[in-house]
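File shown: upload_32.cif (mmCIF, C-alpha atoms).
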data_query
loop_
_atom_site.group_PDB
_atom_site.id
_atom_site.type_symbol
_atom_site.label_atom_id
_atom_site.label_comp_id
_atom_site.auth_asym_id
_atom_site.auth_seq_id
_atom_site.Cartn_x
_atom_site.Cartn_y
_atom_site.Cartn_z
ATOM 1 C CA MET Y 115 8.683 14.014 56.797
ATOM 2 C CA ASP Y 116 11.756 12.737 58.569
ATOM 3 C CA GLU Y 117 14.731 14.969 59.045
ATOM 4 C CA HIS Y 118 17.603 12.575 58.443
ATOM 5 C CA ASP Y 119 20.296 13.470 55.944
ATOM 6 C CA LEU Y 120 19.861 12.162 52.437
ATOM 7 C CA THR Y 121 21.690 8.964 51.701
ATOM 8 C CA CYS Y 122 23.501 8.615 48.386
ATOM 9 C CA GLN Y 123 21.001 6.036 47.234
ATOM 10 C CA GLU Y 124 18.174 8.495 47.925
ATOM 11 C CA LEU Y 125 19.964 11.379 46.247
ATOM 12 C CA VAL Y 126 20.378 9.616 42.914
ATOM 13 C CA GLU Y 127 16.600 9.192 42.723
ATOM 14 C CA LEU Y 128 16.027 12.928 43.243
ATOM 15 C CA VAL Y 129 18.334 14.224 40.516
ATOM 16 C CA THR Y 130 15.647 14.754 37.878
ATOM 17 C CA GLU Y 131 13.229 16.362 40.327
ATOM 18 C CA TYR Y 132 16.061 18.658 41.386
ATOM 19 C CA LEU Y 133 16.909 19.606 37.805
ATOM 20 C CA GLU Y 134 13.218 20.125 37.005
ATOM 21 C CA GLY Y 135 12.798 22.403 40.005
ATOM 22 C CA ALA Y 136 10.233 20.057 41.495
ATOM 23 C CA LEU Y 137 11.757 19.682 44.962
ATOM 24 C CA SER Y 138 10.441 21.574 47.962
ATOM 25 C CA GLU Y 139 12.702 24.235 49.452
ATOM 26 C CA THR Y 140 13.721 21.875 52.278
ATOM 27 C CA GLN Y 141 14.422 18.984 49.938
ATOM 28 C CA ARG Y 142 16.386 21.228 47.631
ATOM 29 C CA LYS Y 143 18.606 22.442 50.476
ATOM 30 C CA ARG Y 144 19.251 18.895 51.663
ATOM 31 C CA PHE Y 145 20.056 17.860 48.110
ATOM 32 C CA GLU Y 146 22.540 20.682 47.586
ATOM 33 C CA GLU Y 147 24.103 20.170 50.999
ATOM 34 C CA HIS Y 148 24.701 16.508 50.271
ATOM 35 C CA LEU Y 149 26.093 17.287 46.844
ATOM 36 C CA THR Y 150 28.583 19.782 48.261
ATOM 37 C CA ASN Y 151 29.885 17.284 50.796
ATOM 38 C CA CYS Y 152 29.823 14.049 48.810
ATOM 39 C CA HIS Y 153 32.381 13.623 46.085
ATOM 40 C CA ASP Y 154 30.770 10.444 44.695
ATOM 41 C CA CYS Y 155 27.317 11.980 44.397
ATOM 42 C CA HIS Y 156 28.852 15.052 42.854
ATOM 43 C CA ASN Y 157 30.394 12.816 40.190
ATOM 44 C CA HIS Y 158 27.089 11.039 39.624
ATOM 45 C CA PHE Y 159 25.270 14.341 39.240
ATOM 46 C CA ASP Y 160 27.947 15.483 36.824
ATOM 47 C CA GLN Y 161 27.545 12.255 34.802
ATOM 48 C CA ILE Y 162 23.831 12.955 34.459
ATOM 49 C CA ARG Y 163 24.597 16.453 33.223
ATOM 50 C CA HIS Y 164 27.074 15.028 30.714
ATOM 51 C CA THR Y 165 24.418 12.528 29.640
ATOM 52 C CA ILE Y 166 21.868 15.282 29.031
ATOM 53 C CA ARG Y 167 24.394 17.305 27.040
ATOM 54 C CA LEU Y 168 25.449 14.334 24.906
ATOM 55 C CA VAL Y 169 21.863 13.235 24.258
ATOM 56 C CA GLY Y 170 21.129 16.804 23.157
ATOM 57 C CA ARG Y 171 23.812 16.568 20.500
ATOM 58 C CA LEU Y 172 21.676 14.040 18.640
ATOM 59 C CA ALA Y 173 19.617 17.025 17.491
ATOM 60 C CA GLU Y 174 22.531 17.992 15.262
ATOM 61 C CA SER Y 175 22.516 14.696 13.408
ATOM 62 C CA HIS Y 176 20.763 15.159 10.115
ATOM 63 C CA LEU Y 177 18.577 12.478 8.676
ATOM 64 C CA SER Y 178 18.638 12.610 4.936
ATOM 65 C CA SER Y 179 15.316 13.454 3.449
ATOM 66 C CA GLY Y 180 14.446 14.051 -0.153
ATOM 67 C CA ALA Y 181 10.997 15.232 0.770
ATOM 68 C CA LYS Y 182 11.392 18.952 0.144
ATOM 69 C CA ASP Y 183 10.476 18.996 -3.543
ATOM 70 C CA ASP Y 184 7.409 16.817 -2.974
ATOM 71 C CA LEU Y 185 6.355 19.055 -0.146
ATOM 72 C CA LEU Y 186 6.709 22.192 -2.231
ATOM 73 C CA THR Y 187 4.467 20.697 -4.924
ATOM 74 C CA LEU Y 188 1.998 19.824 -2.219
ATOM 75 C CA PHE Y 189 2.209 23.352 -0.835
ATOM 76 C CA ARG Y 190 1.560 24.934 -4.234
ATOM 77 C CA ASP Y 191 -1.453 22.683 -4.803
ATOM 78 C CA TRP Y 192 -2.778 23.589 -1.390
ATOM 79 C CA LYS Y 193 -2.237 27.284 -2.070
ATOM 80 C CA LYS Y 194 -4.396 27.149 -5.203
ATOM 81 C CA GLU Y 195 -7.321 26.129 -3.054
ATOM 82 C CA LEU Y 196 -6.877 28.930 -0.553
ATOM 83 C CA PRO Y 197 -9.821 31.289 -0.199
ATOM 84 C CA GLU Y 198 -9.325 34.575 -2.005
ATOM 85 C CA GLN Y 199 -6.032 36.306 -1.394
ATOM 86 C CA GLU Y 200 -5.861 39.762 0.126
ATOM 87 C CA GLU Y 201 -3.322 40.853 -2.424
ATOM 88 C CA PRO Y 202 -2.633 39.009 -5.645
ATOM 89 C CA GLU Y 203 0.850 37.735 -6.401
ATOM 90 C CA SER Y 204 2.869 40.318 -8.291
ATOM 91 C CA MET W 282 0.271 31.553 24.548
ATOM 92 C CA LEU W 283 1.505 32.224 21.013
ATOM 93 C CA THR W 284 4.846 33.895 20.542
ATOM 94 C CA ILE W 285 5.089 36.766 18.068
ATOM 95 C CA GLU W 286 7.251 34.544 15.909
ATOM 96 C CA ASP W 287 4.592 31.797 15.890
ATOM 97 C CA ALA W 288 1.892 34.335 15.074
ATOM 98 C CA ASP W 289 3.916 35.609 12.110
ATOM 99 C CA ILE W 290 4.425 32.087 10.800
ATOM 100 C CA ILE W 291 0.721 31.314 11.107
ATOM 101 C CA GLN W 292 -0.248 34.516 9.303
ATOM 102 C CA GLY W 293 2.299 33.775 6.589
ATOM 103 C CA LEU W 294 1.006 30.258 6.047
ATOM 104 C CA ARG W 295 -2.593 31.434 5.961
ATOM 105 C CA ARG W 296 -1.832 33.781 3.119
ATOM 106 C CA GLY W 297 0.128 31.072 1.309
ATOM 107 C CA ASP W 298 3.584 32.616 1.660
ATOM 108 C CA GLU W 299 5.928 29.962 0.284
ATOM 109 C CA SER W 300 9.053 31.371 1.951
ATOM 110 C CA VAL W 301 7.368 31.016 5.351
ATOM 111 C CA PHE W 302 6.528 27.421 4.566
ATOM 112 C CA VAL W 303 10.071 26.703 3.401
ATOM 113 C CA SER W 304 11.628 28.110 6.568
ATOM 114 C CA LEU W 305 9.146 26.178 8.699
ATOM 115 C CA PHE W 306 9.979 23.043 6.760
ATOM 116 C CA ASP W 307 13.738 23.612 7.169
ATOM 117 C CA GLY W 308 13.333 24.196 10.881
ATOM 118 C CA TYR W 309 11.122 21.207 11.588
ATOM 119 C CA GLN W 310 11.702 18.481 9.018
ATOM 120 C CA ASN W 311 14.648 16.868 10.771
ATOM 121 C CA SER W 312 12.907 16.850 14.157
ATOM 122 C CA LEU W 313 9.690 15.470 12.692
ATOM 123 C CA LEU W 314 11.561 12.690 10.984
ATOM 124 C CA ARG W 315 13.410 11.836 14.185
ATOM 125 C CA LEU W 316 10.172 11.798 16.188
ATOM 126 C CA ALA W 317 8.469 9.596 13.589
ATOM 127 C CA MET W 318 11.388 7.187 13.777
ATOM 128 C CA MET W 319 10.507 6.592 17.447
ATOM 129 C CA TYR W 320 7.485 4.657 16.259
ATOM 130 C CA THR W 321 8.744 2.907 13.170
ATOM 131 C CA SER W 322 12.161 1.680 12.176
ATOM 132 C CA ASP W 323 11.261 2.022 8.495
ATOM 133 C CA GLN W 324 12.515 5.397 7.278
ATOM 134 C CA GLN W 325 10.173 5.364 4.304
ATOM 135 C CA VAL W 326 7.179 4.928 6.570
ATOM 136 C CA ALA W 327 8.512 7.716 8.789
ATOM 137 C CA GLU W 328 8.850 10.014 5.758
ATOM 138 C CA GLU W 329 5.255 9.301 4.788
ATOM 139 C CA VAL W 330 4.077 10.134 8.287
ATOM 140 C CA VAL W 331 5.996 13.409 8.148
ATOM 141 C CA GLN W 332 4.524 14.247 4.752
ATOM 142 C CA GLU W 333 0.995 13.546 6.032
ATOM 143 C CA THR W 334 1.781 15.768 9.001
ATOM 144 C CA TRP W 335 2.726 18.685 6.763
ATOM 145 C CA LEU W 336 -0.460 18.249 4.798
ATOM 146 C CA ALA W 337 -2.477 18.212 8.021
ATOM 147 C CA VAL W 338 -0.661 21.360 9.179
ATOM 148 C CA LEU W 339 -1.585 23.174 5.947
ATOM 149 C CA LYS W 340 -5.169 21.964 6.082
ATOM 150 C CA GLY W 341 -5.526 22.825 9.752
ATOM 151 C CA ILE W 342 -3.739 26.168 9.863
ATOM 152 C CA GLN W 343 -6.872 28.219 9.137
ATOM 153 C CA ARG W 344 -8.597 26.640 12.110
ATOM 154 C CA PHE W 345 -5.580 26.614 14.455
ATOM 155 C CA GLU W 346 -6.589 28.631 17.494
ATOM 156 C CA GLY W 347 -3.198 28.994 19.105
ATOM 157 C CA ARG W 348 -4.191 27.441 22.389
ATOM 158 C CA SER W 349 -0.878 25.598 22.332
ATOM 159 C CA ALA W 350 2.470 26.636 20.903
ATOM 160 C CA LEU W 351 2.813 25.997 17.177
ATOM 161 C CA LYS W 352 5.535 23.441 17.863
ATOM 162 C CA THR W 353 3.345 21.530 20.317
ATOM 163 C CA TRP W 354 0.519 21.472 17.796
ATOM 164 C CA ILE W 355 2.731 20.187 14.969
ATOM 165 C CA TYR W 356 4.359 17.568 17.200
ATOM 166 C CA SER W 357 0.954 16.383 18.413
ATOM 167 C CA ILE W 358 -0.251 15.883 14.843
ATOM 168 C CA LEU W 359 2.886 13.944 13.995
ATOM 169 C CA ILE W 360 2.832 11.746 17.085
ATOM 170 C CA ASN W 361 -0.854 10.870 16.659
ATOM 171 C CA ARG W 362 -0.253 9.881 13.057
ATOM 172 C CA ALA W 363 2.904 7.944 13.798
ATOM 173 C CA LYS W 364 1.121 5.987 16.533
ATOM 174 C CA THR W 365 -1.759 5.138 14.220
ATOM 175 C CA VAL W 366 0.634 3.927 11.557
ATOM 176 C CA ALA W 367 2.714 1.950 14.055
ATOM 177 C CA GLN W 368 -0.406 0.242 15.348
ATOM 178 C CA ARG W 369 -1.549 -0.555 11.845
ATOM 179 C CA GLU W 370 1.838 -2.106 11.217
ATOM 180 C CA GLY W 371 1.454 -4.140 14.371
ATOM 181 C CA ARG W 372 4.628 -2.718 15.819
ATOM 182 C CA HIS W 373 4.881 -1.043 19.185
ATOM 183 C CA ASN W 374 1.297 -2.014 19.790
ATOM 184 C CA ASN W 375 2.008 -2.019 23.501
ATOM 185 C CA LEU W 376 2.755 1.693 23.270
ATOM 186 C CA THR W 377 -0.697 3.009 24.045
ATOM 187 C CA LEU W 378 -1.042 0.544 26.862
ATOM 188 C CA SER W 379 2.263 1.355 28.463
ATOM 189 C CA LEU W 380 1.536 5.078 28.265
ATOM 190 C CA ASP W 381 -1.499 4.663 30.450
ATOM 191 C CA GLU W 382 0.301 2.538 32.962
ATOM 192 C CA GLN W 383 1.903 4.020 36.000
ATOM 193 C CA PRO W 384 5.643 4.018 35.527
ATOM 194 C CA GLU W 385 7.395 1.269 37.405
ATOM 195 C CA SER W 386 8.332 2.793 40.725
ATOM 196 C CA ASN W 387 10.810 0.134 41.820
ATOM 197 C CA GLU W 388 13.267 0.619 39.024
ATOM 198 C CA PRO W 389 16.368 2.184 40.608
ATOM 199 C CA ALA W 390 18.311 4.829 38.701
ATOM 200 C CA VAL W 391 21.541 3.206 39.823
ATOM 201 C CA SER W 392 21.846 -0.518 40.505
ATOM 202 C CA VAL W 393 21.386 -1.359 44.205
ATOM 203 C CA ASP W 394 24.656 -3.278 44.281
ATOM 204 C CA ARG W 395 26.525 -0.020 43.838
ATOM 205 C CA PHE W 396 25.532 0.956 47.401
ATOM 206 C CA HIS W 397 26.205 -0.358 50.903
ATOM 207 C CA PRO W 398 23.218 -2.455 51.836
ATOM 208 C CA ASP W 399 21.161 -1.752 54.949
ATOM 209 C CA ASP W 400 22.820 -1.611 58.324
ATOM 210 C CA ASP W 401 26.095 -3.350 57.584
ATOM 211 C CA HIS W 402 28.029 -0.140 57.371
ATOM 212 C CA PRO W 403 28.377 3.061 59.372
ATOM 213 C CA TYR W 404 27.060 4.825 56.264
ATOM 214 C CA PRO W 405 24.276 2.631 54.929
ATOM 215 C CA HIS W 406 23.162 3.393 51.368
ATOM 216 C CA HIS W 407 26.311 5.262 50.525
ATOM 217 C CA TRP W 408 28.327 4.366 47.442
ATOM 218 C CA LEU W 409 30.331 1.143 47.498
ATOM 219 C CA THR W 410 32.147 2.026 44.304
ATOM 220 C CA GLY W 411 31.707 5.666 43.507
ATOM 221 C CA PRO W 412 31.123 6.990 39.994
ATOM 222 C CA ASN W 413 34.100 8.312 38.066
ATOM 223 C CA ASP W 414 34.653 11.893 37.058
ATOM 224 C CA TRP W 415 33.766 12.112 33.384
ATOM 225 C CA GLY W 416 35.311 15.561 33.292
ATOM 226 C CA GLU W 417 38.647 13.744 33.176
ATOM 227 C CA LEU W 418 37.753 11.877 29.997
ATOM 228 C CA PRO W 419 39.037 13.351 26.738
ATOM 229 C CA GLU W 420 36.356 15.492 25.127
ATOM 230 C CA GLU W 421 36.909 13.801 21.735
ATOM 231 C CA LYS W 422 35.931 10.473 23.310
ATOM 232 C CA LEU W 423 32.723 11.970 24.730
ATOM 233 C CA LEU W 424 31.869 13.568 21.398
ATOM 234 C CA SER W 425 32.905 10.666 19.171
ATOM 235 C CA ASP W 426 30.583 9.038 16.652
ATOM 236 C CA GLU W 427 30.857 5.802 18.571
ATOM 237 C CA THR W 428 29.628 7.473 21.760
ATOM 238 C CA GLN W 429 26.713 8.898 19.763
ATOM 239 C CA LYS W 430 25.888 5.379 18.584
ATOM 240 C CA VAL W 431 25.952 4.057 22.141
ATOM 241 C CA ILE W 432 23.471 6.780 23.123
ATOM 242 C CA LEU W 433 21.227 6.113 20.111
ATOM 243 C CA THR W 434 21.132 2.399 20.852
ATOM 244 C CA ALA W 435 20.394 3.039 24.528
ATOM 245 C CA ILE W 436 17.464 5.293 23.565
ATOM 246 C CA GLU W 437 16.150 2.745 21.061
ATOM 247 C CA ASN W 438 16.190 0.103 23.793
ATOM 248 C CA LEU W 439 14.143 2.173 26.237
ATOM 249 C CA ALA W 440 10.508 1.448 26.989
ATOM 250 C CA PRO W 441 8.488 3.390 24.384
ATOM 251 C CA ASN W 442 7.064 5.886 26.891
ATOM 252 C CA GLN W 443 10.541 6.624 28.267
ATOM 253 C CA ARG W 444 11.890 7.033 24.736
ATOM 254 C CA GLU W 445 9.141 9.526 23.891
ATOM 255 C CA VAL W 446 9.897 11.691 26.903
ATOM 256 C CA ILE W 447 13.694 11.791 26.566
ATOM 257 C CA THR W 448 13.431 12.464 22.812
ATOM 258 C CA LEU W 449 11.064 15.377 23.289
ATOM 259 C CA ARG W 450 12.792 16.850 26.318
ATOM 260 C CA ASP W 451 16.489 16.271 25.771
ATOM 261 C CA ILE W 452 16.814 16.102 21.971
ATOM 262 C CA GLU W 453 14.001 18.333 20.733
ATOM 263 C CA MET W 454 14.259 20.623 23.787
ATOM 264 C CA VAL W 455 10.500 20.751 24.269
ATOM 265 C CA SER W 456 9.496 22.241 27.635
ATOM 266 C CA SER W 457 8.157 20.000 30.356
ATOM 267 C CA GLU W 458 4.681 21.492 30.015
ATOM 268 C CA GLU W 459 4.623 21.058 26.235
ATOM 269 C CA ALA W 460 5.882 17.474 26.457
ATOM 270 C CA CYS W 461 3.067 16.658 28.885
ATOM 271 C CA ASN W 462 0.532 18.211 26.506
ATOM 272 C CA VAL W 463 1.857 16.396 23.464
ATOM 273 C CA LEU W 464 1.966 13.033 25.227
ATOM 274 C CA GLY W 465 -1.103 13.500 27.395
ATOM 275 C CA ILE W 466 0.659 12.605 30.642
ATOM 276 C CA SER W 467 0.981 14.293 34.034
ATOM 277 C CA GLU W 468 4.042 16.308 35.089
ATOM 278 C CA SER W 469 4.969 13.794 37.770
ATOM 279 C CA ASN W 470 4.583 10.833 35.414
ATOM 280 C CA GLN W 471 6.753 12.644 32.904
ATOM 281 C CA ARG W 472 9.455 13.310 35.478
ATOM 282 C CA VAL W 473 9.605 9.639 36.441
ATOM 283 C CA LEU W 474 9.869 8.581 32.793
ATOM 284 C CA LEU W 475 12.567 11.168 32.109
ATOM 285 C CA HIS W 476 14.448 10.089 35.227
ATOM 286 C CA ARG W 477 14.434 6.413 34.212
ATOM 287 C CA ALA W 478 15.377 7.242 30.640
ATOM 288 C CA ARG W 479 18.338 9.453 31.573
ATOM 289 C CA ALA W 480 19.481 6.912 34.152
ATOM 290 C CA LYS W 481 19.559 4.133 31.557
ATOM 291 C CA VAL W 482 21.400 6.225 28.995
ATOM 292 C CA ARG W 483 23.893 7.219 31.705
ATOM 293 C CA GLN W 484 24.400 3.565 32.560
ATOM 294 C CA ALA W 485 24.994 2.644 28.913
ATOM 295 C CA LEU W 486 27.498 5.497 28.632
ATOM 296 C CA GLU W 487 29.261 4.402 31.798
ATOM 297 C CA MET W 488 29.625 0.865 30.476
ATOM 298 C CA TYR W 489 31.032 2.145 27.206
ATOM 299 C CA LEU W 490 33.232 4.994 28.444
ATOM 300 C CA GLU W 491 34.768 3.119 31.361
ATOM 301 C CA ARG W 492 35.244 -0.319 29.893
#

Write out the structure in this file as structure tokens.
Amino acid sequence: MDEHDLTCQELVELVTEYLEGALSETQRKRFEEHLTNCHDCHNHFDQIRHTIRLVGRLAESHLSSGAKDDLLTLFRDWKKELPEQEEPES
Amino acid sequence: MLTIEDADIIQGLRRGDESVFVSLFDGYQNSLLRLAMMYTSDQQVAEEVVQETWLAVLKGIQRFEGRSALKTWIYSILINRAKTVAQREGRHNNLTLSLDEQPESNEPAVSVDRFHPDDDHPYPHHWLTGPNDWGELPEEKLLSDETQKVILTAIENLAPNQREVITLRDIEMVSSEEACNVLGISESNQRVLLHRARAKVRQALEMYLER
């Protein structure tokens, strides 16, 4: 493996491997060294982190679903067919 | 492999405890619906897939051996069903194919014209026009509904295998290992797909936020 410093174009392709902890110790050090010294790459890395955070917010968006009542009926039907219960319902 | 919490849920379901089922439903329904919507744009079809998934969970819970996390198991059932339905509908029928393909290795995360080309600069491959600092943007712009829509559209436009990975990892917060299990892909393949997906969403955000 060659020892040259990472270029910016190389660094942007390693961001996910860095975040996933998939870089070797040497690669990780070179990555962090570049990031400390390069304002532009630091901004890019920060944009990726913003992206991940904003994508994650989609989890809060609620899709309307009227399925709960149907599902409960289904559950109660299923329960009737269960093998014998350890303790009967009070 | 199973957490204590998972084990409690499984025991509860096996004895037919309705409150356990209700809390499981409340915790998962939204995620299941969102995952199903990756494979069909028809919400009614997605709801049916989710309903079938719940039925399969109930029917399978007695036999569930806990070799994967409960979440992984439920997601796997859903994704298998959603794929079957999508194929039957004739939509996304390239999905299975593209999953088996090696991800395109020549797709740069950032367009090549953002960098100094080879050799014509003392710092080849460094930024021509550097990225902006999004920390300077107003938080309400970043968190706006319109920004959310830009992200949603960008994810919808991804290749199906990239969309699957970013949805599981970055929206549903499934671990890397679990995502690989659910999708049946290798860790390295998954990383490439996640990398491409995040890069494209970042690009869409950049175009929107900095226009």

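For Leu186 in chain Y, the residues within 12 Å (counting only C-alpha atoms, excluding itself and residues fewer than 6 positions away along the chain) are Gly180, Trp192 and Lys193 of chain Y; Gly297, Asp298, Glu299, Ser300, Val301, Phe302, Val303, Ser304, Leu305, Phe306, Asp307, Gln332, Trp335, Leu336 and Leu339 of chain W.
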
Residues matched by the PyMOL selection byres ((chain W) within 6 of (chain Y)), written as a PDB file with C-alpha atoms, in the frame of the given file:
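Result file is out17.pdb:
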ATOM      1  CA  GLY W 297       0.128  31.072   1.309  1.00  0.00           C
ATOM      2  CA  HIS W 406      23.162   3.393  51.368  1.00  0.00           C
ATOM      3  CA  HIS W 407      26.311   5.262  50.525  1.00  0.00           C
ATOM      4  CA  GLY W 411      31.707   5.666  43.507  1.00  0.00           C
ATOM      5  CA  PRO W 412      31.123   6.990  39.994  1.00  0.00           C
ATOM      6  CA  ASP W 414      34.653  11.893  37.058  1.00  0.00           C
ATOM      7  CA  ASP W 451      16.489  16.271  25.771  1.00  0.00           C
ATOM      8  CA  ILE W 452      16.814  16.102  21.971  1.00  0.00           C
ATOM      9  CA  HIS W 476      14.448  10.089  35.227  1.00  0.00           C
ATOM     10  CA  ARG W 483      23.893   7.219  31.705  1.00  0.00           C
TER      11      ARG W 483
END

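The interatomic distance for the pair CA of Arg295 in chain W and CA of Ser312 in chain W works out to 22.8 Å.
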
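One distance worth recording is that between CA of Asp394 in chain W and CA of Ala435 in chain W, which is 21.2 Å.
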
Worksheet item: If you count all atoms listed in the file, which residues fall within 9 Å of range 342-345 of chain W, apart from same-chain ones fewer than 2 positions away, as a ChimeraX atom specification?
Response: /W:291,294-295,337-340,347-348,351,354

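As for CA of Arg479 in chain W and CA of Gln368 in chain W, they are spaced 26.4 Å apart.
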
Padding 4 Å on every side, please: axis-aligned box over the listed atoms of range 131-138 of chain Y, centre and edge lengths to one decimal in Å, as AutoDock Vina command-line options.
--center_x 13.6 --center_y 19.4 --center_z 42.5 --size_x 14.7 --size_y 14.0 --size_z 19.0

On this structure, which residues satisfy the PyMOL selection byres ((chain W and resi 460) around 9), written as a PDB file with C-alpha atoms, keeping the file's coordinate frame?
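The new file out.pdb reads:
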ATOM      1  CA  THR W 353       3.345  21.530  20.317  1.00  0.00           C
ATOM      2  CA  GLU W 445       9.141   9.526  23.891  1.00  0.00           C
ATOM      3  CA  VAL W 446       9.897  11.691  26.903  1.00  0.00           C
ATOM      4  CA  LEU W 449      11.064  15.377  23.289  1.00  0.00           C
ATOM      5  CA  ARG W 450      12.792  16.850  26.318  1.00  0.00           C
ATOM      6  CA  VAL W 455      10.500  20.751  24.269  1.00  0.00           C
ATOM      7  CA  SER W 456       9.496  22.241  27.635  1.00  0.00           C
ATOM      8  CA  SER W 457       8.157  20.000  30.356  1.00  0.00           C
ATOM      9  CA  GLU W 458       4.681  21.492  30.015  1.00  0.00           C
ATOM     10  CA  GLU W 459       4.623  21.058  26.235  1.00  0.00           C
ATOM     11  CA  CYS W 461       3.067  16.658  28.885  1.00  0.00           C
ATOM     12  CA  ASN W 462       0.532  18.211  26.506  1.00  0.00           C
ATOM     13  CA  VAL W 463       1.857  16.396  23.464  1.00  0.00           C
ATOM     14  CA  LEU W 464       1.966  13.033  25.227  1.00  0.00           C
ATOM     15  CA  GLY W 465      -1.103  13.500  27.395  1.00  0.00           C
ATOM     16  CA  ILE W 466       0.659  12.605  30.642  1.00  0.00           C
ATOM     17  CA  GLU W 468       4.042  16.308  35.089  1.00  0.00           C
ATOM     18  CA  GLN W 471       6.753  12.644  32.904  1.00  0.00           C
TER      19      GLN W 471
END

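Minimum distance to Asn470 in chain W across W:Pro389, W:Tyr356, W:Asn442, W:Leu423 (counting only C-alpha atoms) occurs at W:Asn442.
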
Spatial neighbours of range 314-329 of chain W, 7 Å, only C-alpha atoms, chain gap at least 4 places, as a PDB file with C-alpha atoms, in the coordinates of the input:
ATOM      1  CA  GLN W 310      11.702  18.481   9.018  1.00  0.00           C
ATOM      2  CA  GLU W 333       0.995  13.546   6.032  1.00  0.00           C
ATOM      3  CA  ILE W 360       2.832  11.746  17.085  1.00  0.00           C
ATOM      4  CA  ALA W 363       2.904   7.944  13.798  1.00  0.00           C
ATOM      5  CA  LYS W 364       1.121   5.987  16.533  1.00  0.00           C
ATOM      6  CA  ALA W 367       2.714   1.950  14.055  1.00  0.00           C
ATOM      7  CA  HIS W 373       4.881  -1.043  19.185  1.00  0.00           C
TER       8      HIS W 373
END

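If only C-alpha atoms are the atoms counted, then among Y:Asp183, Y:Leu149, Y:Thr140, Y:Leu133 the closest residue to Arg472 in chain W is Y:Leu133.
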